[in-house]
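Working notes, beginning with the structure itself.
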Protein chains: 2
Amino acid sequence: MTGAAESGRLALIAGRGGLPAALVAALPQPPLVAALEGFVPDAVAVDHVFRVERLAPFLRLLQDEGVTRVVFAGAVTRPRLDPALFDPATAQLVPVLLAALQGGDDATLRAVIGIFEDHGFAVQGVADLAPALLPGEGVLCGAPTEADARDADRAAAIVAALGAVDVGQGAVVAQGLCLAVEALPGTDAMLDWVAQTARRPNPAGAKGVFYKAPKPGQDRRIDLPALGVETLHRAAAAGLAGVAFQAGGVILLDPAAMVAEAGRLGLFLWARP
Amino acid sequence: MTGAAESGRLALIAGRGGLPAALVAALPQPPLVAALEGFVPDAVAVDHVFRVERLAPFLRLLQDEGVTRVVFAGAVTRPRLDPALFDPATAQLVPVLLAALQGGDDATLRAVIGIFEDHGFAVQGVADLAPALLPGEGVLCGAPTEADARDADRAAAIVAALGAVDVGQGAVVAQGLCLAVEALPGTDAMLDWVAQTARRPNPAGAKGVFYKAPKPGQDRRIDLPALGVETLHRAAAAGLAGVAFQAGGVILLDPAAMVAEAGRLGLFLWARP
């Protein structure tokens, strides 16, 4: 990355959820905000809405506005494409776009980064721009027991194994047993399911840990996992002892509010090494 | 295994569900049937009910009845132990039993096999005794498309990766994306969840495949995955295109009935190589 890129104008390519607003609040200056049609963020004013079928003119627009750096933040699912809407320049990108959209998550994200880089933008990560949102190692709230630590170890091993096949970034383990693994429907759906279904072998034993981490080897500039206060409510409803995550690898949408809420709910909150 | 062991009296250690009855129906002679208290099988008369706390006298009883071979079939979850019930001989086994019950599934099953072998029994598998219940390679019903074959490939890779961390034996993939992964609550709970939650990226695209396989490297004499007609109903309710499984590694509780039911439901049923 050049000095010019580091200091040039920043565009936030925002997806759904609370992360874009959390990032904007943590930045020293307001970025230009763009959002994919259908995936508009909560509580952030959007300057430009774009469609994948008109990506080339959108990239030109960013260049014309003096943007040299982009950051991706927020949730986006694979959009449907309308063949009638492609402009000629974007049509040239179709082979790359289709390959990207048909691959696994990692392949898609690598391809998206590649397209922005090929057009001269530096792609930065939330960790570069707002490191305070990614807590380093330490127990932020509560006190995990030895049984909780063993459950967190096992969950971390499961998430690492899943990452190798490009699935999910989370798992729930209690008493050494895997109660649930995150897949396409996401964290909230998984925790709700644990609340509904998963009984522990020993009802009086360790209540279990939800663990979250990036996929091993994933590009950390995009799609880092994020946790918010709502996740804590769901973890509590699922009867868990606490939430653990990889130190420096997971975004907390509002760290101070999460620590306070974990305390209120009686959950530990632990950034593991 | 000795010739005497191969021809001696067989005991079926039965768990819950339909597999014990399916196995008894497929055997040339009726076995002695034993079941762990609380895990009595469907539609099979049980000769002996035993408890883990009195395992040593139970093993002696089997020896006294001339049993030389045992086969495990049916579902059992980790039992709670009542310290007051241990007899002195079983108390000697407690260190082995506790280590077994606290490990992952594979460790537990290896330890259980070890205990029976240490007491002179040959442990046989369903595949040894009733090979007709484990279909070899071939499409048993319907016609998987190329997209279905790709989804089955990806699901097989996911199940293999999960097996390496001793989690589950199944996954659901549609359009290349992992909709669900099997964990402690089991196949039925996973398929019901897919029915409730998991939308496909392209509603008109491939509907998805449920894939089942043993864990790589697992001891195939115990805890082979099993599929029944009810699984097909759940797969159909989840909107899937079909069910695939590892040829020779998965037990069909009633192969003929499953092929007929898959046809009625419009599902493919595929024993993959």
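Ligands are numbered from 1 in the order shown, chains are lettered A, B, ... in the order of the structure tokens, and residues start at 1 in each chain.
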Chain A residues within 8 Å of chain B, counting only C-alpha atoms: which ones, as a ChimeraX atom specification?
-> /A:77-80,102-104,157-158,161-162,164-165,167,176-185,189,193,197-198,201-202
Written file, previous selection with N, CA, C and O atoms, as a compact mmCIF listing (two decimals), in the first residue's frame:
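Final output, saved to selection.txt:
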```txt
# COMPACT_ATOMS: atom_id res chain seq x y z
N THR A 77 -25.40 -11.01 1.25
CA THR A 77 -25.50 -12.37 0.70
C THR A 77 -25.39 -12.27 -0.82
O THR A 77 -25.48 -11.18 -1.38
N ARG A 78 -25.17 -13.39 -1.45
CA ARG A 78 -24.97 -13.40 -2.91
C ARG A 78 -26.19 -12.80 -3.59
O ARG A 78 -27.28 -13.33 -3.46
N PRO A 79 -26.00 -11.72 -4.35
CA PRO A 79 -27.17 -11.12 -5.02
C PRO A 79 -27.55 -11.92 -6.26
O PRO A 79 -26.72 -12.58 -6.88
N ARG A 80 -28.82 -11.87 -6.64
CA ARG A 80 -29.25 -12.36 -7.95
C ARG A 80 -28.86 -11.32 -8.98
O ARG A 80 -28.89 -10.12 -8.69
N GLN A 102 -19.95 -18.00 -7.69
CA GLN A 102 -20.25 -19.43 -7.62
C GLN A 102 -19.30 -20.18 -6.70
O GLN A 102 -19.53 -21.35 -6.42
N GLY A 103 -18.24 -19.54 -6.27
CA GLY A 103 -17.29 -20.22 -5.39
C GLY A 103 -17.78 -20.24 -3.96
O GLY A 103 -18.88 -19.79 -3.65
N GLY A 104 -16.96 -20.81 -3.08
CA GLY A 104 -17.25 -20.71 -1.65
C GLY A 104 -17.06 -19.27 -1.19
O GLY A 104 -16.65 -18.41 -1.97
N ALA A 157 -10.98 -25.89 17.97
CA ALA A 157 -10.48 -26.92 17.05
C ALA A 157 -11.52 -27.24 15.97
O ALA A 157 -11.19 -27.45 14.81
N ILE A 158 -12.80 -27.26 16.38
CA ILE A 158 -13.87 -27.54 15.42
C ILE A 158 -13.98 -26.42 14.39
O ILE A 158 -14.08 -26.66 13.19
N ALA A 161 -11.23 -26.67 11.91
CA ALA A 161 -11.44 -27.76 10.94
C ALA A 161 -12.49 -27.37 9.90
O ALA A 161 -12.36 -27.66 8.72
N LEU A 162 -13.53 -26.69 10.36
CA LEU A 162 -14.58 -26.24 9.44
C LEU A 162 -14.05 -25.19 8.47
O LEU A 162 -14.42 -25.17 7.30
N ALA A 164 -11.24 -24.99 7.20
CA ALA A 164 -10.46 -25.61 6.14
C ALA A 164 -11.34 -26.03 4.97
O ALA A 164 -10.87 -26.17 3.85
N VAL A 165 -12.65 -26.25 5.21
CA VAL A 165 -13.57 -26.54 4.11
C VAL A 165 -14.52 -25.37 3.88
O VAL A 165 -15.59 -25.53 3.30
N VAL A 167 -16.47 -23.46 5.75
CA VAL A 167 -17.79 -23.46 6.38
C VAL A 167 -17.69 -22.70 7.69
O VAL A 167 -16.80 -22.96 8.50
N GLY A 176 -17.60 -30.99 26.39
CA GLY A 176 -16.79 -31.67 25.39
C GLY A 176 -17.53 -32.08 24.14
O GLY A 176 -16.92 -32.56 23.19
N LEU A 177 -18.83 -31.87 24.11
CA LEU A 177 -19.64 -32.33 22.98
C LEU A 177 -20.10 -31.15 22.14
O LEU A 177 -20.48 -30.10 22.66
N CYS A 178 -20.09 -31.35 20.84
CA CYS A 178 -20.47 -30.28 19.92
C CYS A 178 -21.99 -30.22 19.79
O CYS A 178 -22.60 -31.13 19.25
N LEU A 179 -22.59 -29.15 20.29
CA LEU A 179 -24.05 -29.01 20.22
C LEU A 179 -24.50 -28.44 18.89
O LEU A 179 -25.62 -28.69 18.46
N ALA A 180 -23.67 -27.61 18.28
CA ALA A 180 -24.08 -26.97 17.02
C ALA A 180 -22.86 -26.39 16.32
O ALA A 180 -21.88 -26.02 16.96
N VAL A 181 -22.99 -26.29 15.01
CA VAL A 181 -21.95 -25.75 14.16
C VAL A 181 -22.61 -24.71 13.26
O VAL A 181 -23.71 -24.94 12.75
N GLU A 182 -21.93 -23.60 13.09
CA GLU A 182 -22.52 -22.54 12.28
C GLU A 182 -22.43 -22.88 10.80
O GLU A 182 -21.40 -23.32 10.32
N ALA A 183 -23.52 -22.65 10.07
CA ALA A 183 -23.52 -22.82 8.62
C ALA A 183 -24.20 -21.59 8.01
O ALA A 183 -24.27 -20.54 8.65
N LEU A 184 -24.70 -21.72 6.79
CA LEU A 184 -25.23 -20.56 6.07
C LEU A 184 -26.21 -19.71 6.87
O LEU A 184 -26.16 -18.49 6.81
N PRO A 185 -27.13 -20.30 7.63
CA PRO A 185 -28.11 -19.45 8.32
C PRO A 185 -27.50 -18.53 9.39
O PRO A 185 -28.19 -17.62 9.85
N ALA A 189 -29.25 -17.82 14.13
CA ALA A 189 -30.08 -19.01 13.90
C ALA A 189 -29.51 -20.21 14.66
O ALA A 189 -30.26 -21.00 15.24
N TRP A 193 -31.30 -22.22 17.75
CA TRP A 193 -31.50 -23.67 17.65
C TRP A 193 -30.99 -24.37 18.90
O TRP A 193 -31.62 -25.31 19.40
N THR A 197 -33.15 -26.93 21.17
CA THR A 197 -32.98 -28.37 21.02
C THR A 197 -31.92 -29.04 21.86
O THR A 197 -32.06 -30.20 22.20
N ALA A 198 -30.82 -28.35 22.13
CA ALA A 198 -29.65 -29.13 22.53
C ALA A 198 -29.58 -29.28 24.04
O ALA A 198 -29.23 -28.35 24.76
N PRO A 201 -25.53 -33.53 28.16
CA PRO A 201 -25.53 -34.89 28.73
C PRO A 201 -25.74 -34.84 30.24
O PRO A 201 -26.51 -35.61 30.79
N ASN A 202 -25.04 -33.94 30.91
CA ASN A 202 -25.19 -33.79 32.37
C ASN A 202 -25.84 -32.43 32.64
O ASN A 202 -25.19 -31.39 32.52
```
Contacts of range 88-90 of chain B at 6 Å (only C-alpha atoms; same-chain gap of 6+ positions) as a ChimeraX atom specification = /B:54-56
Tell me, in Å to one decimal, how far CA of Ala14 in chain B is from CA of Val46 in chain B.
-> 8.5 Å
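Of the residues listed (B:Asp153, B:Glu137, B:Asp192, B:Asp254), B:Asp192 shows the shortest atom-to-atom separation from Gly239 in chain B; distances use only C-alpha atoms.
Using only C-alpha atoms for every distance, the candidate list A:Gly120, A:Pro203, A:Gly242, A:Gly74 yields A:Gly242 as the residue closest to Ala152 in chain A.
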Every residue of range 33-187 of chain A that DSSP places in strand (DSSP E or B), as JSON, numbers by chain = {"A": [33, 34, 35, 36, 48, 49, 50, 67, 68, 69, 70, 71, 72, 73, 75, 122, 123, 124, 138, 139, 140, 141, 170, 171, 172, 173, 174, 177, 178, 179, 180, 181]}
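Taking only C-alpha atoms into account, Ala34 in chain B lies nearest to B:Val70 out of the set B:Leu129, B:Pro135, B:Val70, B:Ser7.
Considering the residues B:Ala236, B:Leu134, B:Ile222, B:Ile13 and counting only C-alpha atoms, Ala111 in chain B has its shortest atom-to-atom contact with B:Ile222.
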